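Peer 1: If you scroll down you'll find the structure; I have some questions about it.
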Amino acid sequence: MSTTRIPVELRRAVRQRAEHRCEYCLIHEADTEFGCEVDHIICEKHFGESEIANLALACFFCNRNKGSDVGSILSPECPEFVRLFNPRKDNWDTYFGFDPTGRIATKTDIWRVTARILGFNAEHRVLERKALLGE
């Protein structure tokens, strides 16, 4: 399956809507060495369209870790399939928040799966958040 090229105007609209922040982990693209990229929330191989309602701004790490995933099982002990956070449909504050250690604290199963798949609390990402907070 080929990948659709997303027009510059559409990429610009996605960046502006996101206020130049990753819509998954909220890092500002100016604060990350690799910047942010426009990502399909539901990838094309899963029949996601290249339209603004299915596009999000994602930092390098969130985008690479997410890949074409749309969800995952919660855990080996609880093999229920749980979808990933969708920035077009879900309210960020409902699903997670920051804790004093620089980690992203999960509030629901959707965020537990999303945080694990996207690697929110990997050591290098927590250190990056702490550095940005001046700690």
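As shown in the structure tokens, the chain order sets the letters A, B, ...; within each chain, residues go from 1, and ligands are also counted from 1 in the order they appear.
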Extract, using only C-alpha atoms, all DNA, RNA and protein residues at most 10 Å from Cys62 in chain A, discarding same-chain residues fewer than 2 positions from it, and format them as number ranges by chain.

Peer 2: A: 22-25, 36-37, 39, 57-60, 64-67, 114-115, 117-120

Peer 1: Next, dump the selected residues to file, keeping only C-alpha atoms, as a PDB file, in the first residue's frame.

Peer 2:
ATOM      1  CA  CYS A  22       2.813  16.808  20.160  1.00  0.00           C
ATOM      2  CA  GLU A  23      -0.829  15.882  20.610  1.00  0.00           C
ATOM      3  CA  TYR A  24       0.144  12.724  22.496  1.00  0.00           C
ATOM      4  CA  CYS A  25       2.792  13.792  25.052  1.00  0.00           C
ATOM      5  CA  CYS A  36       7.259  16.986  15.332  1.00  0.00           C
ATOM      6  CA  GLU A  37       5.635  15.445  12.282  1.00  0.00           C
ATOM      7  CA  ASP A  39       0.819  11.620  11.707  1.00  0.00           C
ATOM      8  CA  LEU A  57       0.999  16.421  15.281  1.00  0.00           C
ATOM      9  CA  ALA A  58       3.317  13.882  16.913  1.00  0.00           C
ATOM     10  CA  CYS A  59       6.851  14.197  18.223  1.00  0.00           C
ATOM     11  CA  PHE A  60       9.467  11.876  16.766  1.00  0.00           C
ATOM     12  CA  ARG A  64       7.915   6.127  15.876  1.00  0.00           C
ATOM     13  CA  ASN A  65       6.615   4.191  18.863  1.00  0.00           C
ATOM     14  CA  LYS A  66       2.993   4.371  17.696  1.00  0.00           C
ATOM     15  CA  GLY A  67       3.735   3.222  14.177  1.00  0.00           C
ATOM     16  CA  THR A 114      -1.044   4.552  25.131  1.00  0.00           C
ATOM     17  CA  ALA A 115       1.693   5.420  27.645  1.00  0.00           C
ATOM     18  CA  ILE A 117       3.080   1.770  23.484  1.00  0.00           C
ATOM     19  CA  LEU A 118       4.300   5.367  22.954  1.00  0.00           C
ATOM     20  CA  GLY A 119       6.970   5.055  25.666  1.00  0.00           C
ATOM     21  CA  PHE A 120       5.887   8.154  27.598  1.00  0.00           C
TER      22      PHE A 120
END

Peer 1: Enumerate the residues of chain A with a DSSP assignment of strand (DSSP E), computed from the backbone, and present them as a PyMOL selection string.

Peer 2: chain A and resi 36-40+55-59+71-73+81-83+96-98+104-106

Peer 1: I need the chosen residues saved as a compact mmCIF listing (two decimals), in the first residue's frame, with C-alpha atoms.

Peer 2:
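Below is the file that was written, again-v6.txt:
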# COMPACT_ATOMS: atom_id res chain seq x y z
CA CYS A 36 7.26 16.99 15.33
CA GLU A 37 5.64 15.45 12.28
CA VAL A 38 2.11 15.12 10.97
CA ASP A 39 0.82 11.62 11.71
CA HIS A 40 -2.23 9.62 10.69
CA LEU A 55 -4.24 13.79 11.42
CA ALA A 56 -2.32 14.78 14.53
CA LEU A 57 1.00 16.42 15.28
CA ALA A 58 3.32 13.88 16.91
CA CYS A 59 6.85 14.20 18.22
CA GLY A 71 -4.39 -0.28 20.30
CA SER A 72 -2.97 -3.15 22.32
CA ILE A 73 -3.88 -5.66 24.97
CA PHE A 81 -7.84 -5.10 23.65
CA VAL A 82 -7.77 -1.36 24.42
CA ARG A 83 -7.60 1.36 21.76
CA PHE A 96 -3.57 11.43 32.11
CA GLY A 97 -1.56 14.14 33.82
CA PHE A 98 1.98 14.92 34.88
CA ILE A 104 3.04 10.97 32.85
CA ALA A 105 0.52 9.50 35.26
CA THR A 106 -2.17 7.39 33.64

Peer 1: Do you have the CA of Phe61 in chain A-CA of Glu9 in chain A distance handy?

Peer 2: 23.9 Å

Peer 1: Counting only C-alpha atoms, figure out which residue out of A:Ala122, A:Ile52, A:Ile42, A:Ala30 gets nearest to Val14 in chain A.

Peer 2: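 Among the listed residues, the smallest separation from Val14 in chain A belongs to A:Ile52.
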
Peer 1: Suppose you want the space between CA of Leu84 in chain A and CA of Arg116 in chain A; what is it in Å?

Peer 2: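 CA of Arg116 in chain A lies at a distance of 10.1 Å from CA of Leu84 in chain A.
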
Peer 1: So which one's closest to Leu133 in chain A, A:Asn91, A:Arg17, A:Ala53, A:Asp31? Using only C-alpha atoms, please.

Peer 2: A:Asp31

Peer 1: Can you pull out every residue from chain A that DSSP, working from the backbone, puts in alpha helix (DSSP H), and format the result as a ChimeraX atom specification?

Peer 2: /A:8-17,60-66,92-95,109-118,123-132

Peer 1: Measuring between only C-alpha atoms, which one of A:Ser68, A:Thr101, A:Asn121, A:Ser75 shows the shortest distance to Gly48 in chain A?

Peer 2: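 For Gly48 in chain A, the nearest of the given residues is A:Ser68.
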
Peer 1: May I ask which of the residues A:Ile41, A:Arg5, A:His46, A:Pro87 is the closest one to Ala18 in chain A, counting only C-alpha atoms?

Peer 2: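 For Ala18 in chain A, the nearest of the given residues is A:Pro87.
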